[in-house]
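For reference, run.cif (mmCIF, C-alpha atoms and all ligand atoms):
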```cif
data_target
loop_
_atom_site.group_PDB
_atom_site.id
_atom_site.type_symbol
_atom_site.label_atom_id
_atom_site.label_comp_id
_atom_site.auth_asym_id
_atom_site.auth_seq_id
_atom_site.Cartn_x
_atom_site.Cartn_y
_atom_site.Cartn_z
ATOM 1 C CA MET A 1 24.076 -2.392 15.920
ATOM 2 C CA SER A 2 25.451 1.062 15.153
ATOM 3 C CA ASP A 3 23.612 3.505 12.864
ATOM 4 C CA LEU A 4 26.612 3.358 10.520
ATOM 5 C CA LEU A 5 25.623 -0.200 9.701
ATOM 6 C CA THR A 6 21.838 -0.285 10.227
ATOM 7 C CA ILE A 7 21.033 2.720 7.996
ATOM 8 C CA PRO A 8 22.834 1.390 4.867
ATOM 9 C CA LEU A 9 21.372 -2.075 5.583
ATOM 10 C CA ALA A 10 17.827 -0.621 5.829
ATOM 11 C CA ILE A 11 18.335 1.281 2.549
ATOM 12 C CA LEU A 12 19.742 -1.774 0.763
ATOM 13 C CA GLY A 13 17.107 -4.165 2.210
ATOM 14 C CA GLY A 14 14.344 -1.675 1.356
ATOM 15 C CA GLY A 15 15.672 -1.307 -2.189
ATOM 16 C CA ILE A 16 15.795 -5.067 -2.812
ATOM 17 C CA TRP A 17 12.375 -5.718 -1.226
ATOM 18 C CA GLY A 18 10.923 -2.673 -3.045
ATOM 19 C CA SER A 19 12.165 -4.061 -6.350
ATOM 20 C CA PHE A 20 10.108 -7.226 -5.692
ATOM 21 C CA LEU A 21 7.042 -5.139 -4.709
ATOM 22 C CA GLY A 22 7.400 -3.229 -7.983
ATOM 23 C CA VAL A 23 7.408 -6.553 -9.876
ATOM 24 C CA LEU A 24 4.148 -7.473 -8.072
ATOM 25 C CA ALA A 25 2.605 -4.149 -9.153
ATOM 26 C CA VAL A 26 3.590 -4.790 -12.795
ATOM 27 C CA ARG A 27 2.903 -8.530 -13.149
ATOM 28 C CA ILE A 28 -0.246 -9.166 -11.060
ATOM 29 C CA PRO A 29 -2.534 -7.019 -13.286
ATOM 30 C CA GLN A 30 -1.063 -8.821 -16.319
ATOM 31 C CA HIS A 31 -1.898 -12.212 -14.705
ATOM 32 C CA ALA A 32 1.778 -13.107 -15.140
ATOM 33 C CA SER A 33 3.797 -15.296 -12.759
ATOM 34 C CA ILE A 34 5.756 -13.299 -10.192
ATOM 35 C CA VAL A 35 8.578 -15.875 -10.225
ATOM 36 C CA PHE A 36 9.011 -17.024 -13.851
ATOM 37 C CA PRO A 37 10.344 -15.699 -16.105
ATOM 38 C CA GLY A 38 13.077 -13.929 -14.110
ATOM 39 C CA SER A 39 13.641 -10.178 -14.260
ATOM 40 C CA ARG A 40 13.397 -8.892 -17.840
ATOM 41 C CA CYS A 41 12.515 -5.779 -19.801
ATOM 42 C CA ASP A 42 8.728 -5.271 -19.908
ATOM 43 C CA HIS A 43 8.970 -3.963 -23.488
ATOM 44 C CA CYS A 44 11.385 -6.236 -25.411
ATOM 45 C CA GLY A 45 11.558 -9.193 -22.981
ATOM 46 C CA THR A 46 15.378 -9.211 -22.808
ATOM 47 C CA PRO A 47 16.506 -10.855 -19.525
ATOM 48 C CA LEU A 48 18.192 -8.344 -17.207
ATOM 49 C CA LEU A 49 21.874 -8.744 -16.380
ATOM 50 C CA PRO A 50 22.846 -8.834 -12.683
ATOM 51 C CA LYS A 51 24.407 -5.380 -13.106
ATOM 52 C CA ASP A 52 21.005 -4.057 -14.301
ATOM 53 C CA MET A 53 19.228 -5.210 -11.151
ATOM 54 C CA LEU A 54 21.024 -3.134 -8.496
ATOM 55 C CA PRO A 55 18.376 -1.144 -6.614
ATOM 56 C CA PHE A 56 18.451 2.614 -7.436
ATOM 57 C CA LEU A 57 21.906 2.469 -9.070
ATOM 58 C CA SER A 58 20.983 0.501 -12.202
ATOM 59 C CA TRP A 59 18.062 2.821 -12.981
ATOM 60 C CA LEU A 60 20.295 5.882 -12.564
ATOM 61 C CA ARG A 61 23.148 4.385 -14.622
ATOM 62 C CA LEU A 62 20.767 3.377 -17.442
ATOM 63 C CA ARG A 63 19.035 6.783 -17.189
ATOM 64 C CA GLY A 64 15.673 5.041 -16.745
ATOM 65 C CA ARG A 65 15.837 3.165 -20.088
ATOM 66 C CA CYS A 66 16.287 -0.478 -21.142
ATOM 67 C CA ARG A 67 19.867 -1.265 -22.194
ATOM 68 C CA THR A 68 18.619 -3.176 -25.290
ATOM 69 C CA CYS A 69 15.502 -1.421 -26.659
ATOM 70 C CA GLN A 70 15.980 1.991 -25.010
ATOM 71 C CA GLN A 71 12.302 2.084 -23.953
ATOM 72 C CA LYS A 72 11.551 3.732 -20.618
ATOM 73 C CA ILE A 73 11.674 1.360 -17.597
ATOM 74 C CA LEU A 74 8.202 1.237 -15.970
ATOM 75 C CA PRO A 75 8.162 3.768 -13.112
ATOM 76 C CA GLU A 76 6.668 1.193 -10.708
ATOM 77 C CA ILE A 77 10.090 -0.456 -10.175
ATOM 78 C CA PRO A 78 12.328 2.525 -9.223
ATOM 79 C CA LEU A 79 9.448 4.189 -7.344
ATOM 80 C CA SER A 80 8.870 1.039 -5.260
ATOM 81 C CA GLU A 81 12.595 0.760 -4.502
ATOM 82 C CA VAL A 82 12.812 4.360 -3.243
ATOM 83 C CA LEU A 83 9.528 4.312 -1.264
ATOM 84 C CA THR A 84 10.321 0.969 0.408
ATOM 85 C CA ALA A 85 13.825 2.101 1.394
ATOM 86 C CA LEU A 86 12.299 5.291 2.882
ATOM 87 C CA PHE A 87 9.680 3.221 4.736
ATOM 88 C CA PHE A 88 12.370 0.919 6.165
ATOM 89 C CA LEU A 89 14.237 4.024 7.395
ATOM 90 C CA LEU A 90 10.997 5.328 8.961
ATOM 91 C CA ILE A 91 10.504 2.016 10.802
ATOM 92 C CA LEU A 92 14.126 2.194 11.972
ATOM 93 C CA TRP A 93 13.578 5.742 13.226
ATOM 94 C CA LEU A 94 10.279 4.970 14.988
ATOM 95 C CA SER A 95 11.835 1.740 16.363
ATOM 96 C CA PRO A 96 8.570 -0.009 17.270
ATOM 97 C CA SER A 97 8.569 -3.471 18.896
ATOM 98 C CA PRO A 98 9.745 -6.228 16.495
ATOM 99 C CA LEU A 99 6.197 -7.524 16.094
ATOM 100 C CA SER A 100 4.544 -4.147 15.420
ATOM 101 C CA GLY A 101 7.446 -3.306 13.059
ATOM 102 C CA MET A 102 6.775 -6.583 11.224
ATOM 103 C CA ARG A 103 3.044 -5.749 11.101
ATOM 104 C CA ALA A 104 3.766 -2.282 9.617
ATOM 105 C CA ILE A 105 6.185 -3.707 7.010
ATOM 106 C CA THR A 106 3.650 -6.437 6.114
ATOM 107 C CA LEU A 107 0.838 -3.906 5.596
ATOM 108 C CA PHE A 108 3.190 -1.662 3.574
ATOM 109 C CA SER A 109 4.223 -4.640 1.404
ATOM 110 C CA PHE A 110 0.605 -5.067 0.310
ATOM 111 C CA ALA A 111 -0.265 -1.350 0.346
ATOM 112 C CA LEU A 112 2.455 -0.321 -2.108
ATOM 113 C CA PRO A 113 1.627 -2.685 -5.018
ATOM 114 C CA LEU A 114 -2.122 -2.193 -4.407
ATOM 115 C CA THR A 115 -1.666 1.593 -4.544
ATOM 116 C CA LEU A 116 0.317 1.438 -7.792
ATOM 117 C CA ILE A 117 -2.182 -0.987 -9.373
ATOM 118 C CA ASP A 118 -5.208 1.079 -8.254
ATOM 119 C CA ILE A 119 -3.673 4.272 -9.687
ATOM 120 C CA ARG A 120 -2.911 2.656 -13.067
ATOM 121 C CA TYR A 121 -5.845 0.196 -13.453
ATOM 122 C CA HIS A 122 -8.486 1.406 -10.936
ATOM 123 C CA ARG A 123 -8.784 -1.963 -9.250
ATOM 124 C CA LEU A 124 -7.543 -3.765 -6.160
ATOM 125 C CA PRO A 125 -6.850 -7.437 -7.007
ATOM 126 C CA HIS A 126 -8.142 -10.046 -4.526
ATOM 127 C CA LEU A 127 -4.820 -11.817 -5.153
ATOM 128 C CA LEU A 128 -3.260 -9.156 -2.900
ATOM 129 C CA THR A 129 -6.094 -8.140 -0.546
ATOM 130 C CA MET A 130 -7.028 -11.724 0.493
ATOM 131 C CA PRO A 131 -3.497 -12.803 1.552
ATOM 132 C CA CYS A 132 -3.217 -9.499 3.450
ATOM 133 C CA ILE A 133 -6.359 -10.398 5.457
ATOM 134 C CA GLY A 134 -4.753 -13.807 6.201
ATOM 135 C CA ALA A 135 -1.472 -12.140 7.243
ATOM 136 C CA GLY A 136 -3.312 -9.716 9.551
ATOM 137 C CA ILE A 137 -5.181 -12.543 11.292
ATOM 138 C CA LEU A 138 -1.971 -14.611 11.603
ATOM 139 C CA LEU A 139 -0.034 -11.669 13.095
ATOM 140 C CA GLY A 140 -2.949 -11.011 15.491
ATOM 141 C CA GLY A 141 -2.686 -14.627 16.699
ATOM 142 C CA LEU A 142 1.115 -14.441 16.975
ATOM 143 C CA SER A 143 1.056 -11.217 18.993
ATOM 144 C CA ARG A 144 -1.730 -11.898 21.496
ATOM 145 C CA GLY A 145 -2.863 -15.491 21.093
ATOM 146 C CA SER A 146 -6.601 -16.193 20.848
ATOM 147 C CA HIS A 147 -7.457 -12.625 22.002
ATOM 148 C CA GLY A 148 -5.374 -11.155 19.167
ATOM 149 C CA LEU A 149 -6.880 -13.622 16.729
ATOM 150 C CA ILE A 150 -10.453 -12.584 17.642
ATOM 151 C CA GLU A 151 -9.466 -8.895 17.526
ATOM 152 C CA ALA A 152 -7.998 -9.317 14.011
ATOM 153 C CA LEU A 153 -11.075 -11.245 12.836
ATOM 154 C CA ALA A 154 -13.383 -8.552 14.268
ATOM 155 C CA GLY A 155 -11.308 -5.817 12.578
ATOM 156 C CA SER A 156 -11.466 -7.694 9.302
ATOM 157 C CA LEU A 157 -15.277 -8.047 9.478
ATOM 158 C CA ALA A 158 -15.775 -4.445 10.614
ATOM 159 C CA GLY A 159 -13.754 -3.288 7.605
ATOM 160 C CA LEU A 160 -15.557 -5.513 5.137
ATOM 161 C CA LEU A 161 -19.221 -4.996 5.983
ATOM 162 C CA PRO A 162 -19.792 -1.201 5.660
ATOM 163 C CA ILE A 163 -18.018 -0.829 2.289
ATOM 164 C CA ALA A 164 -19.485 -4.112 0.982
ATOM 165 C CA LEU A 165 -22.963 -2.715 1.723
ATOM 166 C CA ILE A 166 -22.169 0.602 -0.035
ATOM 167 C CA ALA A 167 -20.632 -1.315 -2.974
ATOM 168 C CA HIS A 168 -23.775 -3.457 -3.211
ATOM 169 C CA PHE A 169 -26.204 -0.520 -3.334
ATOM 170 C CA TYR A 170 -23.928 1.983 -5.145
ATOM 171 C CA PRO A 171 -21.586 -0.137 -7.320
ATOM 172 C CA ARG A 172 -20.522 2.835 -9.463
ATOM 173 C CA GLY A 173 -19.094 4.701 -6.472
ATOM 174 C CA ILE A 174 -16.989 2.053 -4.783
ATOM 175 C CA GLY A 175 -16.028 -1.560 -5.498
ATOM 176 C CA MET A 176 -15.650 -4.808 -3.584
ATOM 177 C CA GLY A 177 -11.874 -4.392 -3.985
ATOM 178 C CA ASP A 178 -12.100 -1.423 -1.583
ATOM 179 C CA ALA A 179 -14.212 -3.538 0.837
ATOM 180 C CA PHE A 180 -11.611 -6.344 0.941
ATOM 181 C CA TRP A 181 -8.778 -3.822 1.208
ATOM 182 C CA LEU A 182 -10.401 -2.110 4.237
ATOM 183 C CA SER A 183 -11.027 -5.588 5.654
ATOM 184 C CA ALA A 184 -7.286 -6.332 5.329
ATOM 185 C CA ILE A 185 -6.418 -3.008 6.994
ATOM 186 C CA GLY A 186 -8.924 -3.751 9.782
ATOM 187 C CA SER A 187 -7.277 -7.131 10.413
ATOM 188 C CA MET A 188 -4.007 -5.253 11.067
ATOM 189 C CA THR A 189 -5.298 -2.181 12.995
ATOM 190 C CA GLY A 190 -8.277 -3.704 14.828
ATOM 191 C CA ALA A 191 -11.902 -2.582 14.538
ATOM 192 C CA GLY A 192 -11.483 0.336 16.972
ATOM 193 C CA ALA A 193 -9.077 2.155 14.648
ATOM 194 C CA LEU A 194 -11.204 1.956 11.501
ATOM 195 C CA ALA A 195 -13.089 5.227 12.084
ATOM 196 C CA LEU A 196 -9.744 7.071 12.051
ATOM 197 C CA VAL A 197 -8.570 5.092 8.986
ATOM 198 C CA LEU A 198 -11.708 6.188 7.122
ATOM 199 C CA LEU A 199 -11.388 9.809 8.284
ATOM 200 C CA ILE A 200 -7.751 10.032 7.071
ATOM 201 C CA ALA A 201 -8.628 8.216 3.822
ATOM 202 C CA SER A 202 -11.650 10.361 2.964
ATOM 203 C CA SER A 203 -10.093 13.716 3.926
ATOM 204 C CA SER A 204 -6.818 13.027 2.057
ATOM 205 C CA GLY A 205 -8.893 11.664 -0.863
ATOM 206 C CA ILE A 206 -10.956 14.874 -1.067
ATOM 207 C CA VAL A 207 -7.843 17.093 -0.960
ATOM 208 C CA ALA A 208 -6.074 14.986 -3.640
ATOM 209 C CA THR A 209 -9.210 14.985 -5.850
ATOM 210 C CA LEU A 210 -9.452 18.787 -5.670
ATOM 211 C CA ILE A 211 -5.740 19.168 -6.530
ATOM 212 C CA VAL A 212 -5.971 16.755 -9.513
ATOM 213 C CA TYR A 213 -9.189 18.454 -10.686
ATOM 214 C CA LYS A 214 -7.540 21.891 -10.471
ATOM 215 C CA ILE A 215 -4.571 20.692 -12.576
ATOM 216 C CA LYS A 216 -6.577 18.699 -15.149
ATOM 217 C CA SER A 217 -9.422 21.210 -15.589
ATOM 218 C CA ARG A 218 -6.924 23.755 -16.952
ATOM 219 C CA LYS A 219 -6.392 21.557 -20.001
ATOM 220 C CA SER A 220 -9.878 20.062 -20.551
ATOM 221 C CA ASP A 221 -13.556 20.387 -19.638
ATOM 222 C CA LEU A 222 -13.637 18.077 -16.680
ATOM 223 C CA SER A 223 -16.585 17.453 -14.352
ATOM 224 C CA LEU A 224 -15.591 17.174 -10.690
ATOM 225 C CA VAL A 225 -18.575 14.856 -10.029
ATOM 226 C CA ARG A 226 -17.685 12.453 -12.854
ATOM 227 C CA MET A 227 -13.949 12.385 -12.122
ATOM 228 C CA ALA A 228 -12.933 8.875 -11.021
ATOM 229 C CA MET A 229 -10.256 8.760 -8.339
ATOM 230 C CA PRO A 230 -9.015 5.454 -6.879
ATOM 231 C CA PHE A 231 -9.795 5.138 -3.137
ATOM 232 C CA GLY A 232 -7.324 2.324 -2.379
ATOM 233 C CA PRO A 233 -4.232 4.552 -2.022
ATOM 234 C CA PHE A 234 -6.006 6.752 0.546
ATOM 235 C CA LEU A 235 -7.193 3.728 2.534
ATOM 236 C CA ALA A 236 -3.546 2.567 2.488
ATOM 237 C CA LEU A 237 -2.420 5.945 3.836
ATOM 238 C CA GLY A 238 -5.054 5.841 6.593
ATOM 239 C CA GLY A 239 -4.078 2.271 7.551
ATOM 240 C CA LEU A 240 -0.338 2.959 7.673
ATOM 241 C CA VAL A 241 -0.638 6.230 9.645
ATOM 242 C CA THR A 242 -2.998 4.572 12.147
ATOM 243 C CA LEU A 243 -0.680 1.589 12.554
ATOM 244 C CA LEU A 244 2.486 3.672 12.923
ATOM 245 C CA VAL A 245 0.998 6.213 15.370
ATOM 246 C CA PRO A 246 -1.293 4.151 17.657
ATOM 247 C CA ASP A 247 -1.728 7.090 20.085
ATOM 248 C CA LEU A 248 -3.533 8.987 17.313
ATOM 249 C CA SER A 249 -6.298 6.390 17.243
ATOM 250 C CA HIS A 250 -6.694 6.451 21.046
ATOM 251 C CA LEU A 251 -6.916 10.268 21.018
ATOM 252 C CA PHE A 252 -9.394 10.246 18.132
ATOM 253 C CA ASN A 253 -11.664 7.644 19.764
ATOM 254 C CA ALA A 254 -11.578 9.533 23.096
ATOM 255 C CA ALA A 255 -12.550 12.784 21.292
ATOM 256 C CA LEU A 256 -15.299 10.949 19.401
ATOM 257 C CA MET A 257 -16.722 9.527 22.650
ATOM 258 C CA GLU A 258 -16.597 13.023 24.217
ATOM 259 C CA ILE A 259 -18.624 14.444 21.318
ATOM 260 C CA LEU A 260 -21.159 11.587 21.268
ATOM 261 C CA THR A 261 -21.847 11.466 25.046
HETATM 262 ZN ZN ZN B 1 13.888 -3.553 -23.583
#
```

Any chance you could give the structure as structure tokens?
Ligand SMILES: [Zn+2]
Amino acid sequence: MSDLLTIPLAILGGGIWGSFLGVLAVRIPQHASIVFPGSRCDHCGTPLLPKDMLPFLSWLRLRGRCRTCQQKILPEIPLSEVLTALFFLLILWLSPSPLSGMRAITLFSFALPLTLIDIRYHRLPHLLTMPCIGAGILLGGLSRGSHGLIEALAGSLAGLLPIALIAHFYPRGIGMGDAFWLSAIGSMTGAGALALVLLIASSSGIVATLIVYKIKSRKSDLSLVRMAMPFGPFLALGGLVTLLVPDLSHLFNAALMEILT
């Protein structure tokens, strides 16, 4: 298929799928059904017209506000549409095998709502992390039969145990949501890639914390030690980078072995 067709299709498909992921990010923390009622304004409850549900375009035409009550549309929806369309373009550009492309899109489809929910509510609902573990194990079985299934199960356990132990002894620092989320990532990347996932997550987390602290401390007396930053988005970043650039994990593990032996 020519680029003239695949690029607009990836943008449109990403926009539509991203719109659904945005709905997940809004409704799951509210314990609301993701199917019923249909799309409606989160402020006044007015059902959306088909012309108000076009990815990107409707938000731009309405200038980010509800047609009826004029309240601002929650940023989760347009942000999800744009980020998913960009991710679909990235997958198109990297052109991985159909199965590894499906694995990356599956992980992204859980990572995006979990990231948005963790930023807003500081939690990672099991309603998203558990099905992601199941999807990772299923994809492992589909790709490499029983060997892939065992690899995905081992990755899932290797992700769960270390953070579950930390969460048990230091519950204020990290939660079980992070343990299940790393377990889900491990089921997709395999146990061998988890050291790199954690390195990317912790280093990007430290940099982001310092930037947010620098910005916020100008306006208020803020303690860097007491500042609570969600860890889920950084685990998501580590998981996606590791999955999309598998050579990085091989290089990292080889360097690690060199240092340790
Ligand atoms: Zn409204």

Shell of 12 Å around Gly38 of chain A, only C-alpha atoms, local chain residues under 3 positions omitted, as a PyMOL selection string:
chain A and resi 20+23+27+32-35+41-42+45-50+53

Next, the residues of the selection above should be written as a PDB file, keeping the file's coordinate frame with C-alpha atoms.
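File written: out_15.pdb
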```pdb
ATOM      1  CA  PHE A  20      10.108  -7.226  -5.692  1.00  0.00           C
ATOM      2  CA  VAL A  23       7.408  -6.553  -9.876  1.00  0.00           C
ATOM      3  CA  ARG A  27       2.903  -8.530 -13.149  1.00  0.00           C
ATOM      4  CA  ALA A  32       1.778 -13.107 -15.140  1.00  0.00           C
ATOM      5  CA  SER A  33       3.797 -15.296 -12.759  1.00  0.00           C
ATOM      6  CA  ILE A  34       5.756 -13.299 -10.192  1.00  0.00           C
ATOM      7  CA  VAL A  35       8.578 -15.875 -10.225  1.00  0.00           C
ATOM      8  CA  CYS A  41      12.515  -5.779 -19.801  1.00  0.00           C
ATOM      9  CA  ASP A  42       8.728  -5.271 -19.908  1.00  0.00           C
ATOM     10  CA  GLY A  45      11.558  -9.193 -22.981  1.00  0.00           C
ATOM     11  CA  THR A  46      15.378  -9.211 -22.808  1.00  0.00           C
ATOM     12  CA  PRO A  47      16.506 -10.855 -19.525  1.00  0.00           C
ATOM     13  CA  LEU A  48      18.192  -8.344 -17.207  1.00  0.00           C
ATOM     14  CA  LEU A  49      21.874  -8.744 -16.380  1.00  0.00           C
ATOM     15  CA  PRO A  50      22.846  -8.834 -12.683  1.00  0.00           C
ATOM     16  CA  MET A  53      19.228  -5.210 -11.151  1.00  0.00           C
TER      17      MET A  53
END
```

Which residues fall under the PyMOL selection byres (((chain A and resi 105-119) around 6) and not hetatm) in this file, as a PyMOL selection string?
chain A and resi 21+25+102-104+120-124+230+233+236

Picked residues, the PyMOL selection byres (((not hetatm)) within 8 of (chain B and resi 1)), expected as a ChimeraX atom specification:
/A:40-46,65-71

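Shortest separation to Gly148 of chain A among A:Ser203, A:Pro98, A:Gly190, A:Phe36 occurs at residue A:Gly190, atoms counted being all atoms listed in the file.
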
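The residue that comes closest to Gly140 of chain A, out of A:Leu62, A:Leu5, A:Gly159, A:Ala184 and on the basis of all atoms listed in the file, is A:Ala184.
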
Tell me, as a VMD selection string, which residues lie within 9 Å of Gly101 of chain A, counting all atoms listed in the file; anything in the same chain fewer than 4 positions away does not count.
chain A and resid 91 to 92 94 to 97 105 to 106 244

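Going from atom CA of Phe231 of chain A to atom CA of Gly177 of chain A covers 9.8 Å.
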
Determine the nearest neighbour of Ser156 of chain A from the options A:Cys132, A:Ile174, A:Gly186, A:Val197, counting all atoms listed in the file.
A:Gly186
